[in-house]
Each structure stands twice: as C-alpha cells, then as structure tokens.
file model.pdb (PDB, C-alpha atoms, pLDDT in the B column)
ATOM      1  CA  MET A 985       0.000   0.000   0.000  1.00 51.00           C
ATOM      2  CA  ASN A 986       1.265   3.394  -0.948  1.00 56.00           C
ATOM      3  CA  PHE A 987       0.178   6.137   1.472  1.00 57.00           C
ATOM      4  CA  THR A 988       2.143   8.972  -0.077  1.00 61.00           C
ATOM      5  CA  MET A 989       0.064  11.911  -1.107  1.00 63.00           C
ATOM      6  CA  ASN A 990       0.662  15.206  -2.822  1.00 66.00           C
ATOM      7  CA  CYS A 991      -0.175  17.840  -0.199  1.00 64.00           C
ATOM      8  CA  SER A 992      -0.395  20.643  -2.761  1.00 65.00           C
ATOM      9  CA  SER A 993      -3.523  19.014  -4.175  1.00 68.00           C
ATOM     10  CA  LEU A 994      -5.379  19.506  -0.868  1.00 65.00           C
ATOM     11  CA  GLY A 995      -6.165  23.156  -1.603  1.00 67.00           C
ATOM     12  CA  ILE A 996      -5.354  24.459   1.885  1.00 66.00           C
ATOM     13  CA  PRO A 997      -5.864  28.257   2.018  1.00 65.00           C
ATOM     14  CA  SER A 998      -3.007  30.453   3.199  1.00 70.00           C
ATOM     15  CA  ILE A 999      -5.239  32.263   5.714  1.00 71.00           C
ATOM     16  CA  VAL A1000      -7.943  30.563   7.715  1.00 70.00           C
ATOM     17  CA  GLY A1001     -10.638  33.144   8.336  1.00 72.00           C
ATOM     18  CA  PRO A1002     -14.289  33.215   9.382  1.00 70.00           C
ATOM     19  CA  ARG A1003     -15.425  31.644   6.095  1.00 71.00           C
ATOM     20  CA  GLN A1004     -13.168  28.591   6.535  1.00 72.00           C
ATOM     21  CA  VAL A1005     -14.194  28.271  10.185  1.00 68.00           C
ATOM     22  CA  PHE A1006     -17.859  28.323   9.141  1.00 67.00           C
ATOM     23  CA  ASP A1007     -17.174  25.664   6.493  1.00 71.00           C
ATOM     24  CA  SER A1008     -15.534  23.422   9.075  1.00 69.00           C
ATOM     25  CA  ILE A1009     -17.997  23.690  11.969  1.00 69.00           C
ATOM     26  CA  GLY A1010     -21.159  24.870  10.233  1.00 66.00           C
ATOM     27  CA  HIS A1011     -23.846  26.628  12.212  1.00 69.00           C
ATOM     28  CA  TRP A1012     -22.011  26.032  15.481  1.00 71.00           C
ATOM     29  CA  ASN A1013     -20.064  29.046  14.304  1.00 71.00           C
ATOM     30  CA  THR A1014     -23.163  31.173  14.977  1.00 76.00           C
ATOM     31  CA  ALA A1015     -23.092  30.114  18.621  1.00 80.00           C
ATOM     32  CA  VAL A1016     -19.388  30.992  18.788  1.00 79.00           C
ATOM     33  CA  TYR A1017     -20.109  34.483  17.437  1.00 81.00           C
ATOM     34  CA  VAL A1018     -22.962  35.002  19.907  1.00 85.00           C
ATOM     35  CA  ILE A1019     -20.778  33.931  22.826  1.00 87.00           C
ATOM     36  CA  LEU A1020     -17.954  36.200  21.641  1.00 87.00           C
ATOM     37  CA  VAL A1021     -20.296  39.192  21.427  1.00 88.00           C
ATOM     38  CA  LEU A1022     -21.772  38.405  24.846  1.00 90.00           C
ATOM     39  CA  HIS A1023     -18.279  38.381  26.351  1.00 89.00           C
ATOM     40  CA  LEU A1024     -16.702  41.224  24.398  1.00 90.00           C
ATOM     41  CA  THR A1025     -19.488  43.796  24.697  1.00 92.00           C
ATOM     42  CA  PRO A1026     -19.739  44.004  28.523  1.00 92.00           C
ATOM     43  CA  VAL A1027     -15.966  44.194  28.888  1.00 93.00           C
ATOM     44  CA  TRP A1028     -15.798  47.104  26.466  1.00 93.00           C
ATOM     45  CA  ILE A1029     -18.790  48.853  28.062  1.00 94.00           C
ATOM     46  CA  VAL A1030     -17.388  48.593  31.596  1.00 93.00           C
ATOM     47  CA  GLY A1031     -13.902  49.593  30.399  1.00 92.00           C
ATOM     48  CA  THR A1032     -15.212  52.627  28.552  1.00 91.00           C
ATOM     49  CA  LEU A1033     -17.414  53.757  31.445  1.00 93.00           C
ATOM     50  CA  THR A1034     -14.545  53.346  33.888  1.00 91.00           C
ATOM     51  CA  LEU A1035     -12.162  55.298  31.661  1.00 89.00           C
ATOM     52  CA  THR A1036     -14.615  58.172  31.296  1.00 90.00           C
ATOM     53  CA  ARG A1037     -15.160  58.422  35.065  1.00 91.00           C
ATOM     54  CA  LEU A1038     -11.533  57.846  36.030  1.00 87.00           C
ATOM     55  CA  ARG A1039     -10.271  61.423  35.800  1.00 84.00           C
ATOM     56  CA  ALA A1040     -12.955  62.753  38.139  1.00 87.00           C
ATOM     57  CA  SER A1041     -12.718  59.992  40.729  1.00 87.00           C
ATOM     58  CA  CYS A1042      -9.012  59.577  41.515  1.00 85.00           C
ATOM     59  CA  HIS A1043      -5.828  61.511  42.206  1.00 86.00           C
ATOM     60  CA  PRO A1044      -4.238  63.095  39.091  1.00 87.00           C
ATOM     61  CA  GLN A1045      -0.997  61.126  39.566  1.00 88.00           C
ATOM     62  CA  LEU A1046      -2.902  57.834  39.461  1.00 87.00           C
ATOM     63  CA  VAL A1047      -4.928  58.567  36.312  1.00 90.00           C
ATOM     64  CA  ALA A1048      -2.303  57.458  33.768  1.00 90.00           C
ATOM     65  CA  PRO A1049      -1.402  54.065  35.297  1.00 90.00           C
ATOM     66  CA  LEU A1050      -5.040  53.330  36.119  1.00 91.00           C
ATOM     67  CA  ALA A1051      -6.095  54.203  32.571  1.00 92.00           C
ATOM     68  CA  TRP A1052      -3.567  51.666  31.269  1.00 93.00           C
ATOM     69  CA  LEU A1053      -4.784  49.050  33.737  1.00 93.00           C
ATOM     70  CA  VAL A1054      -8.439  49.621  32.853  1.00 94.00           C
ATOM     71  CA  SER A1055      -7.681  49.237  29.138  1.00 94.00           C
ATOM     72  CA  ILE A1056      -5.960  45.841  29.585  1.00 95.00           C
ATOM     73  CA  PRO A1057      -9.124  43.643  29.780  1.00 95.00           C
ATOM     74  CA  PRO A1058     -10.736  45.103  26.618  1.00 95.00           C
ATOM     75  CA  ALA A1059      -7.429  44.727  24.773  1.00 95.00           C
ATOM     76  CA  LEU A1060      -7.088  41.102  25.878  1.00 95.00           C
ATOM     77  CA  MET A1061     -10.688  40.293  24.934  1.00 94.00           C
ATOM     78  CA  SER A1062     -10.319  41.973  21.533  1.00 94.00           C
ATOM     79  CA  LEU A1063      -7.107  40.117  20.750  1.00 94.00           C
ATOM     80  CA  THR A1064      -8.608  36.820  21.879  1.00 92.00           C
ATOM     81  CA  THR A1065     -11.676  37.432  19.721  1.00 90.00           C
ATOM     82  CA  ALA A1066      -9.470  38.203  16.738  1.00 90.00           C
ATOM     83  CA  GLY A1067      -7.565  34.969  17.381  1.00 89.00           C
ATOM     84  CA  ILE A1068     -10.805  32.986  17.438  1.00 85.00           C
ATOM     85  CA  LEU A1069     -12.195  34.639  14.307  1.00 83.00           C
ATOM     86  CA  VAL A1070      -8.974  34.301  12.288  1.00 84.00           C
ATOM     87  CA  PRO A1071      -7.196  31.194  13.601  1.00 83.00           C
ATOM     88  CA  SER A1072      -4.221  31.491  11.247  1.00 84.00           C
ATOM     89  CA  LEU A1073      -3.165  34.674  13.068  1.00 86.00           C
ATOM     90  CA  GLY A1074      -2.800  32.689  16.294  1.00 86.00           C
ATOM     91  CA  LYS A1075       0.973  32.968  16.664  1.00 90.00           C
ATOM     92  CA  TYR A1076       0.864  36.746  16.180  1.00 94.00           C
ATOM     93  CA  ILE A1077      -2.095  37.137  18.523  1.00 94.00           C
ATOM     94  CA  GLU A1078      -0.268  35.091  21.153  1.00 95.00           C
ATOM     95  CA  VAL A1079       2.735  37.425  20.999  1.00 96.00           C
ATOM     96  CA  LEU A1080       0.464  40.454  21.250  1.00 96.00           C
ATOM     97  CA  LEU A1081      -1.299  38.924  24.267  1.00 96.00           C
ATOM     98  CA  GLU A1082       2.065  38.451  25.990  1.00 96.00           C
ATOM     99  CA  ILE A1083       3.004  42.066  25.233  1.00 97.00           C
ATOM    100  CA  VAL A1084      -0.293  43.348  26.660  1.00 96.00           C
ATOM    101  CA  LEU A1085       0.124  41.217  29.808  1.00 96.00           C
ATOM    102  CA  SER A1086       3.724  42.406  30.283  1.00 95.00           C
ATOM    103  CA  LEU A1087       2.658  46.007  29.809  1.00 95.00           C
ATOM    104  CA  GLY A1088      -0.088  45.457  32.375  1.00 94.00           C
ATOM    105  CA  LEU A1089       2.439  44.131  34.885  1.00 93.00           C
ATOM    106  CA  VAL A1090       4.718  47.137  34.368  1.00 93.00           C
ATOM    107  CA  LYS A1091       1.820  49.580  34.715  1.00 93.00           C
ATOM    108  CA  PHE A1092       0.644  47.789  37.871  1.00 92.00           C
ATOM    109  CA  ILE A1093       4.113  48.225  39.371  1.00 90.00           C
ATOM    110  CA  ASP A1094       3.992  51.927  38.397  1.00 91.00           C
ATOM    111  CA  PHE A1095       0.580  52.236  40.047  1.00 91.00           C
ATOM    112  CA  ILE A1096       1.736  50.562  43.270  1.00 90.00           C
ATOM    113  CA  THR A1097       4.911  52.661  43.365  1.00 90.00           C
ATOM    114  CA  ILE A1098       2.907  55.886  43.063  1.00 90.00           C
ATOM    115  CA  LEU A1099       0.334  54.639  45.584  1.00 89.00           C
ATOM    116  CA  CYS A1100       3.049  53.866  48.148  1.00 87.00           C
ATOM    117  CA  GLY A1101       4.721  57.267  47.782  1.00 88.00           C
ATOM    118  CA  GLY A1102       7.570  56.412  45.442  1.00 87.00           C
ATOM    119  CA  GLN A1103      10.479  54.009  45.333  1.00 87.00           C
ATOM    120  CA  GLN A1104      12.285  55.628  48.232  1.00 89.00           C
ATOM    121  CA  ALA A1105       9.248  55.223  50.501  1.00 89.00           C
ATOM    122  CA  ILE A1106       9.084  51.509  49.673  1.00 85.00           C
ATOM    123  CA  VAL A1107      12.807  51.083  50.351  1.00 84.00           C
ATOM    124  CA  ASN A1108      12.539  53.009  53.643  1.00 87.00           C
ATOM    125  CA  PHE A1109       9.549  50.931  54.774  1.00 86.00           C
ATOM    126  CA  CYS A1110      11.373  47.682  54.010  1.00 84.00           C
ATOM    127  CA  SER A1111      14.490  48.930  55.733  1.00 86.00           C
ATOM    128  CA  ASP A1112      12.623  50.064  58.867  1.00 88.00           C
ATOM    129  CA  ASN A1113      10.745  46.766  59.177  1.00 87.00           C
ATOM    130  CA  MET A1114      13.797  44.576  58.397  1.00 85.00           C
ATOM    131  CA  ILE A1115      12.210  43.202  55.210  1.00 83.00           C
ATOM    132  CA  LEU A1116      14.847  41.898  52.843  1.00 81.00           C
ATOM    133  CA  LEU A1117      14.257  42.928  49.242  1.00 69.00           C
ATOM    134  CA  PRO A1118      14.579  40.101  46.700  1.00 73.00           C
ATOM    135  CA  ILE A1119      16.758  42.145  44.357  1.00 66.00           C
ATOM    136  CA  GLY A1120      17.776  39.167  42.236  1.00 60.00           C
ATOM    137  CA  SER A1121      14.244  38.034  41.431  1.00 55.00           C
TER     138      SER A1121
END
call {"tool": "encode", "arguments": {"input": "model.pdb", "output": "structure tokens"}}
result
Amino acid sequence: MNFTMNCSSLGIPSIVGPRQVFDSIGHWNTAVYVILVLHLTPVWIVGTLTLTRLRASCHPQLVAPLAWLVSIPPALMSLTTAGILVPSLGKYIEVLLEIVLSLGLVKFIDFITILCGGQQAIVNFCSDNMILLPIGS
C-alpha cells in the first residue's frame, strides 16, 4: 500500500478566516459568534465607562497608570476574539497577548509605586521593618 500523497492538491488556504471556520464547523459558528459578542461587549462597556469616570474619581498622579490598567481587559478580549475569528493569526495574537500582559504588569508596578509614595518610601519601609528585598528576582 502506498500512502504517499501530494499535499499541494489539498487546496489548503493560506489564511484561515471566518469563512473557513464556518465551512468546518457549520452553524455552530453562529453560537461561537454570539458567545464572543456576549463576552466582548460588557468588557468594552465597563472599560469605557470606567475610563470616562476615572479622571474625576481619583488623584491626578494615578490617572495614567489606572487608565492603562483599565484598558488591559478590553485589549485582551479583543485580541482573543481576533484569534478565534482568524485562527491562522494565532501565533501573532499570542505574541500580542504576551506584550499586553507584560505592559499590564509594568503599569501595575507603576501604580503601586505611586500609591506607596515612590520608590524611596518603599525602600525606607522595608528597611525600617527589616524586610529583605529580593533584588535578584
């Protein structure tokens, strides 16, 4: 038995988009779209409302880091939705998700540093309470 096959005759598209997903899973795709909209819409609504009320409800120094932190969930949901709708972009979406998460971590550290009164205040507190800082980690 000869199981060799010419893969170029399969007709695999270079980009797998919503049309190819619909062809593969049929009307289950409609349920996927409904679930995506039901998850994406509230996240964007809450994020937008929070961003519009942020400037009036917190200290001016905290507005910038908090605005970044509030925009992280809508960005993650949008990227994830794009990855589900266009599966062939998965490796690029994954890198973008990692960048957004890393940016969120950095902005959280900025927020905490400002909230605690600066880097020197954190160092002084740790020094006064004999807390060793894990500098190497």
call {"tool": "resolve_selection", "arguments": {"input": "model.pdb", "expression": "the PyMOL selection byres ((chain A and resi 1043-1053) around 10)", "output": "tab-separated table (two decimals) with C-alpha atoms, in the coordinates of the input"}}
result
chain	number	residue	atom	x	y	z
A	1031	GLY	CA	-13.90	49.59	30.40
A	1034	THR	CA	-14.54	53.35	33.89
A	1035	LEU	CA	-12.16	55.30	31.66
A	1036	THR	CA	-14.62	58.17	31.30
A	1038	LEU	CA	-11.53	57.85	36.03
A	1039	ARG	CA	-10.27	61.42	35.80
A	1040	ALA	CA	-12.96	62.75	38.14
A	1041	SER	CA	-12.72	59.99	40.73
A	1042	CYS	CA	-9.01	59.58	41.52
A	1054	VAL	CA	-8.44	49.62	32.85
A	1055	SER	CA	-7.68	49.24	29.14
A	1056	ILE	CA	-5.96	45.84	29.58
A	1057	PRO	CA	-9.12	43.64	29.78
A	1087	LEU	CA	2.66	46.01	29.81
A	1088	GLY	CA	-0.09	45.46	32.38
A	1089	LEU	CA	2.44	44.13	34.88
A	1090	VAL	CA	4.72	47.14	34.37
A	1091	LYS	CA	1.82	49.58	34.72
A	1092	PHE	CA	0.64	47.79	37.87
A	1093	ILE	CA	4.11	48.22	39.37
A	1094	ASP	CA	3.99	51.93	38.40
A	1095	PHE	CA	0.58	52.24	40.05
A	1096	ILE	CA	1.74	50.56	43.27
A	1098	ILE	CA	2.91	55.89	43.06
A	1099	LEU	CA	0.33	54.64	45.58
call {"tool": "atom_distance", "arguments": {"input": "model.pdb", "atom1": "atom CA of Asn1013 of chain A", "atom2": "atom CA of Leu1069 of chain A"}}
result
9.7 Å
call {"tool": "resolve_selection", "arguments": {"input": "model.pdb", "expression": "the PyMOL selection byres ((chain A and resi 1020-1027) around 8)", "output": "mmCIF file with C-alpha atoms, keeping the file's coordinate frame"}}
result
data_model
loop_
_atom_site.group_PDB
_atom_site.id
_atom_site.type_symbol
_atom_site.label_atom_id
_atom_site.label_comp_id
_atom_site.auth_asym_id
_atom_site.auth_seq_id
_atom_site.Cartn_x
_atom_site.Cartn_y
_atom_site.Cartn_z
ATOM 1 C CA VAL A 1016 -19.388 30.992 18.788
ATOM 2 C CA TYR A 1017 -20.109 34.483 17.437
ATOM 3 C CA VAL A 1018 -22.962 35.002 19.907
ATOM 4 C CA ILE A 1019 -20.778 33.931 22.826
ATOM 5 C CA TRP A 1028 -15.798 47.104 26.466
ATOM 6 C CA ILE A 1029 -18.790 48.853 28.062
ATOM 7 C CA VAL A 1030 -17.388 48.593 31.596
ATOM 8 C CA GLY A 1031 -13.902 49.593 30.399
ATOM 9 C CA PRO A 1057 -9.124 43.643 29.780
ATOM 10 C CA PRO A 1058 -10.736 45.103 26.618
ATOM 11 C CA MET A 1061 -10.688 40.293 24.934
ATOM 12 C CA SER A 1062 -10.319 41.973 21.533
ATOM 13 C CA THR A 1065 -11.676 37.432 19.721
#
call {"tool": "atom_distance", "arguments": {"input": "model.pdb", "atom1": "atom CA of Leu1060 of chain A", "atom2": "atom CA of Ile1083 of chain A"}}
result
10.2 Å
call {"tool": "atom_distance", "arguments": {"input": "model.pdb", "atom1": "atom CA of Ile1077 of chain A", "atom2": "atom CA of Ile999 of chain A"}}
result
14.1 Å
call {"tool": "residues_around", "arguments": {"input": "model.pdb", "residues": "Leu1080 of chain A", "least_positions_apart": "4", "cutoff": "8 Å", "atoms": "only C-alpha atoms", "output": "PDB file with C-alpha atoms, in the coordinates of the input"}}
result
ATOM      1  CA  LEU A1063      -7.107  40.117  20.750  1.00 94.00           C
ATOM      2  CA  TYR A1076       0.864  36.746  16.180  1.00 94.00           C
ATOM      3  CA  VAL A1084      -0.293  43.348  26.660  1.00 96.00           C
TER       4      VAL A1084
END
